[in-house]
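Enquirer: Handing over query22.pdb, PDB, C-alpha atoms, pLDDT in the B column.
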```
ATOM      1  CA  GLN A 293      17.293  -7.329   4.296  1.00 83.00           C
ATOM      2  CA  VAL A 294      13.945  -6.189   2.959  1.00 86.00           C
ATOM      3  CA  GLN A 295      13.756  -2.498   2.113  1.00 93.00           C
ATOM      4  CA  LEU A 296      10.762  -0.523   0.957  1.00 95.00           C
ATOM      5  CA  VAL A 297      10.964   2.994  -0.445  1.00 96.00           C
ATOM      6  CA  GLU A 298       7.816   4.939  -1.275  1.00 96.00           C
ATOM      7  CA  SER A 299       7.475   7.815  -3.697  1.00 97.00           C
ATOM      8  CA  GLY A 300       4.797   9.631  -5.644  1.00 97.00           C
ATOM      9  CA  GLY A 301       2.997  11.542  -2.941  1.00 97.00           C
ATOM     10  CA  GLY A 302       2.021  15.148  -3.381  1.00 98.00           C
ATOM     11  CA  SER A 303      -0.777  17.688  -3.257  1.00 98.00           C
ATOM     12  CA  VAL A 304      -3.833  17.522  -5.479  1.00 98.00           C
ATOM     13  CA  GLN A 305      -7.319  18.939  -5.550  1.00 98.00           C
ATOM     14  CA  THR A 306     -10.493  16.990  -4.938  1.00 98.00           C
ATOM     15  CA  GLY A 307     -11.154  14.631  -7.817  1.00 98.00           C
ATOM     16  CA  GLY A 308      -7.502  14.407  -8.765  1.00 98.00           C
ATOM     17  CA  SER A 309      -5.293  11.358  -9.072  1.00 98.00           C
ATOM     18  CA  LEU A 310      -1.916  10.221  -7.807  1.00 98.00           C
ATOM     19  CA  ARG A 311       0.114   7.077  -8.252  1.00 98.00           C
ATOM     20  CA  LEU A 312       2.262   5.940  -5.361  1.00 98.00           C
ATOM     21  CA  SER A 313       5.234   3.670  -5.948  1.00 97.00           C
ATOM     22  CA  CYS A 314       7.010   1.370  -3.534  1.00 96.00           C
ATOM     23  CA  GLY A 315      10.407   0.121  -4.577  1.00 94.00           C
ATOM     24  CA  VAL A 316      11.007  -3.307  -3.073  1.00 91.00           C
ATOM     25  CA  SER A 317      14.405  -4.887  -2.498  1.00 88.00           C
ATOM     26  CA  GLY A 318      15.555  -7.949  -0.614  1.00 85.00           C
ATOM     27  CA  VAL A 319      12.375  -9.928  -1.316  1.00 77.00           C
ATOM     28  CA  THR A 320      12.348 -13.259  -3.070  1.00 70.00           C
ATOM     29  CA  TYR A 321       9.078 -14.196  -4.753  1.00 66.00           C
ATOM     30  CA  SER A 322       8.527 -17.934  -5.010  1.00 62.00           C
ATOM     31  CA  PRO A 323       5.755 -20.476  -4.373  1.00 57.00           C
ATOM     32  CA  ILE A 324       7.385 -21.387  -1.071  1.00 63.00           C
ATOM     33  CA  SER A 325       8.045 -17.806  -0.043  1.00 71.00           C
ATOM     34  CA  ALA A 326       4.643 -16.175  -0.169  1.00 86.00           C
ATOM     35  CA  ILE A 327       4.493 -12.523   0.696  1.00 88.00           C
ATOM     36  CA  CYS A 328       1.773 -10.076   1.489  1.00 93.00           C
ATOM     37  CA  MET A 329       2.319  -6.459   0.457  1.00 94.00           C
ATOM     38  CA  GLY A 330       0.114  -3.519   1.095  1.00 95.00           C
ATOM     39  CA  TRP A 331      -0.527   0.141   1.604  1.00 98.00           C
ATOM     40  CA  PHE A 332      -1.502   1.773   4.857  1.00 98.00           C
ATOM     41  CA  ARG A 333      -2.252   5.395   5.659  1.00 98.00           C
ATOM     42  CA  GLN A 334      -2.225   7.473   8.784  1.00 98.00           C
ATOM     43  CA  ALA A 335      -3.723  10.910   9.241  1.00 97.00           C
ATOM     44  CA  PRO A 336      -2.657  13.184  12.135  1.00 93.00           C
ATOM     45  CA  GLY A 337      -4.216  11.980  15.369  1.00 95.00           C
ATOM     46  CA  GLN A 338      -5.624   8.877  13.721  1.00 96.00           C
ATOM     47  CA  GLU A 339      -4.664   5.221  13.839  1.00 97.00           C
ATOM     48  CA  ARG A 340      -2.870   3.650  10.930  1.00 97.00           C
ATOM     49  CA  GLU A 341      -5.389   1.982   8.640  1.00 97.00           C
ATOM     50  CA  GLY A 342      -5.075  -0.507   5.841  1.00 97.00           C
ATOM     51  CA  VAL A 343      -5.938   0.680   2.364  1.00 98.00           C
ATOM     52  CA  ALA A 344      -5.069  -2.013  -0.171  1.00 98.00           C
ATOM     53  CA  PHE A 345      -3.269  -5.343  -0.094  1.00 97.00           C
ATOM     54  CA  MET A 346      -1.885  -7.908  -2.491  1.00 95.00           C
ATOM     55  CA  HIS A 347      -0.715 -11.448  -1.769  1.00 93.00           C
ATOM     56  CA  VAL A 348       1.952 -13.058  -3.929  1.00 87.00           C
ATOM     57  CA  PRO A 349       1.803 -15.605  -5.489  1.00 83.00           C
ATOM     58  CA  SER A 350      -1.897 -16.245  -4.835  1.00 86.00           C
ATOM     59  CA  GLY A 351      -2.846 -12.923  -6.435  1.00 87.00           C
ATOM     60  CA  ASN A 352      -5.469 -12.196  -3.807  1.00 93.00           C
ATOM     61  CA  VAL A 353      -6.179  -8.504  -3.318  1.00 96.00           C
ATOM     62  CA  TYR A 354      -8.181  -6.599  -0.741  1.00 97.00           C
ATOM     63  CA  TYR A 355      -9.400  -3.019  -0.600  1.00 98.00           C
ATOM     64  CA  ASP A 356     -10.803  -1.132   2.320  1.00 97.00           C
ATOM     65  CA  ASP A 357     -14.391  -0.043   1.677  1.00 97.00           C
ATOM     66  CA  SER A 358     -13.344   3.597   1.822  1.00 97.00           C
ATOM     67  CA  VAL A 359     -11.194   3.241  -1.315  1.00 98.00           C
ATOM     68  CA  LYS A 360     -12.925   0.447  -3.198  1.00 98.00           C
ATOM     69  CA  GLY A 361     -13.562   1.471  -6.779  1.00 97.00           C
ATOM     70  CA  ARG A 362     -11.148   4.400  -6.575  1.00 98.00           C
ATOM     71  CA  PHE A 363      -7.790   2.844  -5.670  1.00 98.00           C
ATOM     72  CA  THR A 364      -5.970   0.026  -7.444  1.00 98.00           C
ATOM     73  CA  VAL A 365      -2.974  -1.903  -6.181  1.00 97.00           C
ATOM     74  CA  ALA A 366      -0.657  -3.461  -8.731  1.00 95.00           C
ATOM     75  CA  ARG A 367       2.839  -4.915  -8.951  1.00 91.00           C
ATOM     76  CA  ASP A 368       5.430  -4.605 -11.677  1.00 89.00           C
ATOM     77  CA  ASN A 369       7.218  -7.943 -11.558  1.00 81.00           C
ATOM     78  CA  THR A 370      10.147  -6.859 -13.695  1.00 82.00           C
ATOM     79  CA  LYS A 371      10.896  -3.665 -11.764  1.00 81.00           C
ATOM     80  CA  ASN A 372       9.943  -5.012  -8.331  1.00 87.00           C
ATOM     81  CA  ILE A 373       7.651  -2.083  -7.649  1.00 93.00           C
ATOM     82  CA  LEU A 374       4.300  -2.026  -5.887  1.00 94.00           C
ATOM     83  CA  TYR A 375       1.922   0.685  -7.069  1.00 97.00           C
ATOM     84  CA  LEU A 376      -1.147   2.314  -5.627  1.00 98.00           C
ATOM     85  CA  GLN A 377      -3.174   4.161  -8.241  1.00 98.00           C
ATOM     86  CA  MET A 378      -5.477   6.609  -6.486  1.00 98.00           C
ATOM     87  CA  ASN A 379      -8.309   8.234  -8.411  1.00 98.00           C
ATOM     88  CA  ASP A 380     -11.148  10.550  -7.460  1.00 98.00           C
ATOM     89  CA  LEU A 381      -9.293  11.703  -4.369  1.00 98.00           C
ATOM     90  CA  THR A 382     -11.078  13.540  -1.572  1.00 98.00           C
ATOM     91  CA  PRO A 383      -9.783  15.494   1.443  1.00 97.00           C
ATOM     92  CA  GLU A 384     -10.556  12.403   3.553  1.00 97.00           C
ATOM     93  CA  ASP A 385      -7.723  10.639   1.714  1.00 98.00           C
ATOM     94  CA  THR A 386      -5.179  13.091   3.105  1.00 98.00           C
ATOM     95  CA  ALA A 387      -2.608  11.130   5.107  1.00 98.00           C
ATOM     96  CA  MET A 388       0.893   9.748   5.195  1.00 98.00           C
ATOM     97  CA  TYR A 389       0.891   6.614   3.079  1.00 98.00           C
ATOM     98  CA  TYR A 390       3.116   3.667   3.940  1.00 98.00           C
ATOM     99  CA  CYS A 391       4.125   0.593   2.000  1.00 97.00           C
ATOM    100  CA  ALA A 392       4.494  -2.587   4.053  1.00 97.00           C
ATOM    101  CA  ALA A 393       5.358  -6.227   3.527  1.00 94.00           C
ATOM    102  CA  VAL A 394       5.527  -9.511   5.382  1.00 92.00           C
ATOM    103  CA  HIS A 395       6.190 -13.106   4.421  1.00 90.00           C
ATOM    104  CA  ALA A 396       2.891 -14.880   5.086  1.00 90.00           C
ATOM    105  CA  PRO A 397       0.951 -17.808   3.608  1.00 88.00           C
ATOM    106  CA  LEU A 398      -2.242 -15.775   3.483  1.00 90.00           C
ATOM    107  CA  LEU A 399      -3.231 -12.173   2.910  1.00 93.00           C
ATOM    108  CA  ARG A 400      -2.784  -9.933   5.960  1.00 94.00           C
ATOM    109  CA  ARG A 401      -4.435  -6.595   6.734  1.00 95.00           C
ATOM    110  CA  ARG A 402      -3.523  -5.472  10.248  1.00 96.00           C
ATOM    111  CA  PRO A 403      -0.550  -3.137  10.808  1.00 97.00           C
ATOM    112  CA  ALA A 404       0.742  -5.422  13.565  1.00 97.00           C
ATOM    113  CA  ASP A 405       0.981  -8.294  11.074  1.00 96.00           C
ATOM    114  CA  PHE A 406       3.531  -6.510   8.882  1.00 96.00           C
ATOM    115  CA  LEU A 407       7.259  -6.692   9.495  1.00 94.00           C
ATOM    116  CA  TYR A 408       8.743  -4.376   6.894  1.00 94.00           C
ATOM    117  CA  TRP A 409       7.783  -0.736   6.417  1.00 97.00           C
ATOM    118  CA  GLY A 410       8.764   2.139   4.204  1.00 97.00           C
ATOM    119  CA  GLN A 411       9.332   5.666   5.422  1.00 97.00           C
ATOM    120  CA  GLY A 412       6.045   6.984   4.064  1.00 97.00           C
ATOM    121  CA  THR A 413       4.983   9.526   1.473  1.00 98.00           C
ATOM    122  CA  GLN A 414       2.567  12.379   2.123  1.00 98.00           C
ATOM    123  CA  VAL A 415      -0.667  12.745   0.198  1.00 98.00           C
ATOM    124  CA  THR A 416      -2.635  15.966   0.619  1.00 98.00           C
ATOM    125  CA  VAL A 417      -5.982  16.557  -1.051  1.00 98.00           C
ATOM    126  CA  SER A 418      -7.499  20.019  -0.942  1.00 97.00           C
ATOM    127  CA  SER A 419     -11.123  20.940  -1.517  1.00 94.00           C
TER     128      SER A 419
END
```
What is this file in structure tokens?
Expert:
Amino acid sequence: QVQLVESGGGSVQTGGSLRLSCGVSGVTYSPISAICMGWFRQAPGQEREGVAFMHVPSGNVYYDDSVKGRFTVARDNTKNILYLQMNDLTPEDTAMYYCAAVHAPLLRRRPADFLYWGQGTQVTVSS
């Protein structure tokens, strides 16, 4: 049973930084069990959108244009945690952020492609 638990959300001012964490359990990383992991966000009244993705073991990463250069996705292999470092935050980044995962041979980016989801963590950026 794959479980994802996010943490690290909060309220910051424009230009601030936050680091989100996603604790991952029940996932086996191996060359024959490739997995795509990523971060999505959803603002009130908006569709869920992909932010950043990482494919293991290929190492491929993808960032949405809206966060490229400001956000970084990384994985701690020893602690089984997926991180999203968010810098230079703006009010447009305000949303509920979700960690997601799916076993897949290639990197995935659409919400419908992901099987496992965390409960979300709120990020609020004030001007």
Enquirer: Hey, can you check how far atom CA of A:Glu339 sits from atom CA of A:Gln414?
Expert: 15.5 Å
Enquirer: Suppose you want the space between atom CA of A:Gly337 and atom CA of A:Glu384; what is it in Å?
Expert: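 Here the two named atoms are 13.4 Å from each other.
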Enquirer: Just the number, please: distance in Å from atom CA of A:Val297 to atom CA of A:Leu312, one decimal.
Expert: 10.4 Å
Enquirer: Skipping near chain neighbours, those fewer than 4 positions away, what residues fall within 12 Å of A:Asp357 using all atoms listed in the file, listed as a list in words?
Expert: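 After dropping sequence-adjacent residues, the list is Glu341, Gly342, Val343, Ala344, Gly361, Arg362 and Phe363 of chain A.
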Enquirer: Step by step: start from the point (3.8, 6.6, 2.5) in the file's coordinates, keep every protein, DNA or RNA residue that has an atom no farther than 6 Å from it, count all atoms listed in the file, and write the set as a CSV table (one decimal) with C-alpha atoms, keeping the file's coordinate frame.
Expert:
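Heads up, here's the output in point-v4.csv:
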```csv
chain,number,residue,atom,x,y,z
A,298,GLU,CA,7.8,4.9,-1.3
A,388,MET,CA,0.9,9.7,5.2
A,389,TYR,CA,0.9,6.6,3.1
A,390,TYR,CA,3.1,3.7,3.9
A,412,GLY,CA,6.0,7.0,4.1
A,413,THR,CA,5.0,9.5,1.5
A,414,GLN,CA,2.6,12.4,2.1
```
Enquirer: So that I can see what lies close to stretch 348-354 of chain A, please list as a short mmCIF file (atom, residue, chain, number, x, y, z; two decimals) with C-alpha atoms, in the frame of the given file the residues with an atom at most 10 Å from it, counting only C-alpha atoms and leaving out residues fewer than 6 positions away in the same chain.
Expert:
```cif
data_model
loop_
_atom_site.label_atom_id
_atom_site.label_comp_id
_atom_site.auth_asym_id
_atom_site.auth_seq_id
_atom_site.Cartn_x
_atom_site.Cartn_y
_atom_site.Cartn_z
CA TYR A 321 9.08 -14.20 -4.75
CA SER A 322 8.53 -17.93 -5.01
CA PRO A 323 5.76 -20.48 -4.37
CA ILE A 324 7.38 -21.39 -1.07
CA SER A 325 8.04 -17.81 -0.04
CA ALA A 326 4.64 -16.18 -0.17
CA ILE A 327 4.49 -12.52 0.70
CA CYS A 328 1.77 -10.08 1.49
CA MET A 329 2.32 -6.46 0.46
CA GLY A 330 0.11 -3.52 1.10
CA GLY A 342 -5.08 -0.51 5.84
CA LYS A 360 -12.92 0.45 -3.20
CA THR A 364 -5.97 0.03 -7.44
CA VAL A 365 -2.97 -1.90 -6.18
CA ALA A 366 -0.66 -3.46 -8.73
CA ARG A 367 2.84 -4.92 -8.95
CA HIS A 395 6.19 -13.11 4.42
CA ALA A 396 2.89 -14.88 5.09
CA PRO A 397 0.95 -17.81 3.61
CA LEU A 398 -2.24 -15.78 3.48
CA LEU A 399 -3.23 -12.17 2.91
CA ARG A 400 -2.78 -9.93 5.96
CA ARG A 401 -4.43 -6.60 6.73
#
```
Enquirer: Name the closest residue to A:Ser317 among the candidates A:Gln377, A:Gln295, A:Asn369, A:Ser358; distances are taken between atoms, counting only C-alpha atoms.
Expert: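 Checking each of A:Gln377, A:Gln295, A:Asn369, A:Ser358 against A:Ser317, counting only C-alpha atoms, the winner is A:Gln295.
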Enquirer: Out of A:Asp356, A:Thr416, A:Asp368, A:Arg402, which residue has the shortest atom-to-atom distance to A:Ala387 when counting only C-alpha atoms?
Expert: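 Smallest distance to A:Ala387 is found for A:Thr416.
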Enquirer: Considering only C-alpha atoms, can you say which of A:Met346, A:Leu407, A:Val319, A:Val359 comes closest to A:Ala392?
Expert: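 The answer is A:Leu407, which sits nearest to A:Ala392.
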Enquirer: Taking into account all atoms listed in the file, which residue in the set A:Phe332, A:Phe345, A:Phe406, A:Tyr355 is nearest to A:Val394?
Expert: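 Closest residue, counting all atoms listed in the file: A:Phe406.
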Enquirer: I'd like the neighbourhood of A:Ser419 as JSON, numbers by chain, where a residue qualifies if any of its atoms comes within 9 Å (using only C-alpha atoms), though same-chain residues fewer than 2 positions away should be ignored.
Expert: {"A": [304, 305, 306, 307, 382, 383, 417]}
Enquirer: Name all residues at most 8 Å from A:Leu310 (count only C-alpha atoms; drop same-chain ones fewer than 3 positions away) and give them as a list in words.
Expert: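 These residues fall inside the cut-off: Gly300, Gly301, Gly302, Val304, Gln377, Met378 and Asn379 of chain A.
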Enquirer: Leaving out A:Val294 and any residue of its chain fewer than 3 positions from it, which residues lie within 9 Å of it when counting only C-alpha atoms, given as a VMD selection string?
Expert: chain A and resid 316 to 319 393 408 to 409
Enquirer: Keeping only C-alpha atoms, write the selected residues to a file as a PDB file, in the frame of the given file.
Expert:
```
ATOM      1  CA  VAL A 316      11.007  -3.307  -3.073  1.00 91.00           C
ATOM      2  CA  SER A 317      14.405  -4.887  -2.498  1.00 88.00           C
ATOM      3  CA  GLY A 318      15.555  -7.949  -0.614  1.00 85.00           C
ATOM      4  CA  VAL A 319      12.375  -9.928  -1.316  1.00 77.00           C
ATOM      5  CA  ALA A 393       5.358  -6.227   3.527  1.00 94.00           C
ATOM      6  CA  TYR A 408       8.743  -4.376   6.894  1.00 94.00           C
ATOM      7  CA  TRP A 409       7.783  -0.736   6.417  1.00 97.00           C
TER       8      TRP A 409
END
```
Enquirer: Using only C-alpha atoms, find the one residue out of A:Asp405, A:Arg340, A:Trp331, A:Gly315 that sits nearest to A:Lys371.
Expert: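 Among A:Asp405, A:Arg340, A:Trp331, A:Gly315, it is A:Gly315 that comes nearest to A:Lys371.
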Enquirer: Of the candidates A:Pro403, A:Gln334, A:Ser418, A:Ser299, which one gets nearest to A:Leu381 if we count all atoms listed in the file?
Expert: A:Ser418
Enquirer: Could you give me the centre and size, in Å to one decimal, of an axis-aligned box around all listed atoms of stretch 386-395 of chain A with 4 Å added on every side, as JSON?
Expert:
```
{"center_x": 0.5, "center_y": 0.0, "center_z": 3.7, "size_x": 19.4, "size_y": 34.2, "size_z": 11.4}
```
Enquirer: Would it be fine to have stretch 300-321 of chain A, with N, CA, C and O atoms, given as a compact mmCIF listing (two decimals), in the first residue's frame?
Expert:
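Dumped everything to result-v3.txt:
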```txt
# COMPACT_ATOMS: atom_id res chain seq x y z
N GLY A 300 4.98 20.82 5.50
CA GLY A 300 5.84 21.95 5.16
C GLY A 300 5.13 23.17 4.62
O GLY A 300 5.76 24.20 4.38
N GLY A 301 3.83 23.07 4.42
CA GLY A 301 3.11 24.24 3.93
C GLY A 301 3.03 25.33 5.00
O GLY A 301 3.39 25.12 6.15
N GLY A 302 2.57 26.48 4.60
CA GLY A 302 2.45 27.58 5.54
C GLY A 302 2.17 28.88 4.82
O GLY A 302 1.81 28.90 3.64
N SER A 303 2.32 29.97 5.56
CA SER A 303 2.07 31.31 5.01
C SER A 303 3.37 32.09 4.97
O SER A 303 4.10 32.14 5.97
N VAL A 304 3.64 32.68 3.82
CA VAL A 304 4.83 33.51 3.66
C VAL A 304 4.47 34.75 2.87
O VAL A 304 3.41 34.82 2.25
N GLN A 305 5.37 35.70 2.88
CA GLN A 305 5.18 36.90 2.07
C GLN A 305 5.83 36.72 0.70
O GLN A 305 6.66 35.83 0.50
N THR A 306 5.45 37.58 -0.21
CA THR A 306 6.03 37.55 -1.55
C THR A 306 7.55 37.59 -1.46
O THR A 306 8.12 38.39 -0.73
N GLY A 307 8.17 36.71 -2.24
CA GLY A 307 9.62 36.61 -2.24
C GLY A 307 10.17 35.59 -1.26
O GLY A 307 11.37 35.30 -1.27
N GLY A 308 9.30 35.07 -0.41
CA GLY A 308 9.74 34.10 0.58
C GLY A 308 9.93 32.70 0.00
O GLY A 308 9.71 32.47 -1.19
N SER A 309 10.33 31.80 0.87
CA SER A 309 10.60 30.42 0.47
C SER A 309 9.92 29.45 1.41
O SER A 309 9.71 29.75 2.60
N LEU A 310 9.61 28.28 0.88
CA LEU A 310 9.10 27.17 1.66
C LEU A 310 9.66 25.88 1.08
O LEU A 310 9.95 25.81 -0.13
N ARG A 311 9.78 24.87 1.92
CA ARG A 311 10.16 23.56 1.42
C ARG A 311 9.09 22.55 1.84
O ARG A 311 8.85 22.35 3.04
N LEU A 312 8.45 21.97 0.86
CA LEU A 312 7.45 20.94 1.10
C LEU A 312 8.13 19.58 1.14
O LEU A 312 9.08 19.33 0.40
N SER A 313 7.61 18.71 2.00
CA SER A 313 8.12 17.35 2.10
C SER A 313 6.99 16.37 1.86
O SER A 313 5.84 16.62 2.26
N CYS A 314 7.32 15.26 1.25
CA CYS A 314 6.34 14.19 1.03
C CYS A 314 6.97 12.89 1.48
O CYS A 314 7.89 12.37 0.83
N GLY A 315 6.51 12.39 2.61
CA GLY A 315 6.97 11.11 3.10
C GLY A 315 6.33 9.98 2.31
O GLY A 315 5.11 9.95 2.16
N VAL A 316 7.15 9.10 1.78
CA VAL A 316 6.68 8.03 0.91
C VAL A 316 6.88 6.68 1.58
O VAL A 316 7.98 6.37 2.04
N SER A 317 5.84 5.88 1.61
CA SER A 317 5.95 4.52 2.14
C SER A 317 5.25 3.57 1.19
O SER A 317 4.33 3.95 0.46
N GLY A 318 5.71 2.32 1.21
CA GLY A 318 5.07 1.29 0.39
C GLY A 318 5.54 1.27 -1.05
O GLY A 318 4.96 0.58 -1.88
N VAL A 319 6.60 2.03 -1.36
CA VAL A 319 7.12 2.08 -2.72
C VAL A 319 8.46 1.38 -2.78
O VAL A 319 9.31 1.61 -1.93
N THR A 320 8.62 0.55 -3.77
CA THR A 320 9.90 -0.12 -3.99
C THR A 320 10.54 0.48 -5.22
O THR A 320 9.95 0.49 -6.31
N TYR A 321 11.75 1.02 -5.04
CA TYR A 321 12.49 1.60 -6.16
C TYR A 321 13.43 0.54 -6.73
O TYR A 321 14.27 0.01 -6.03
```
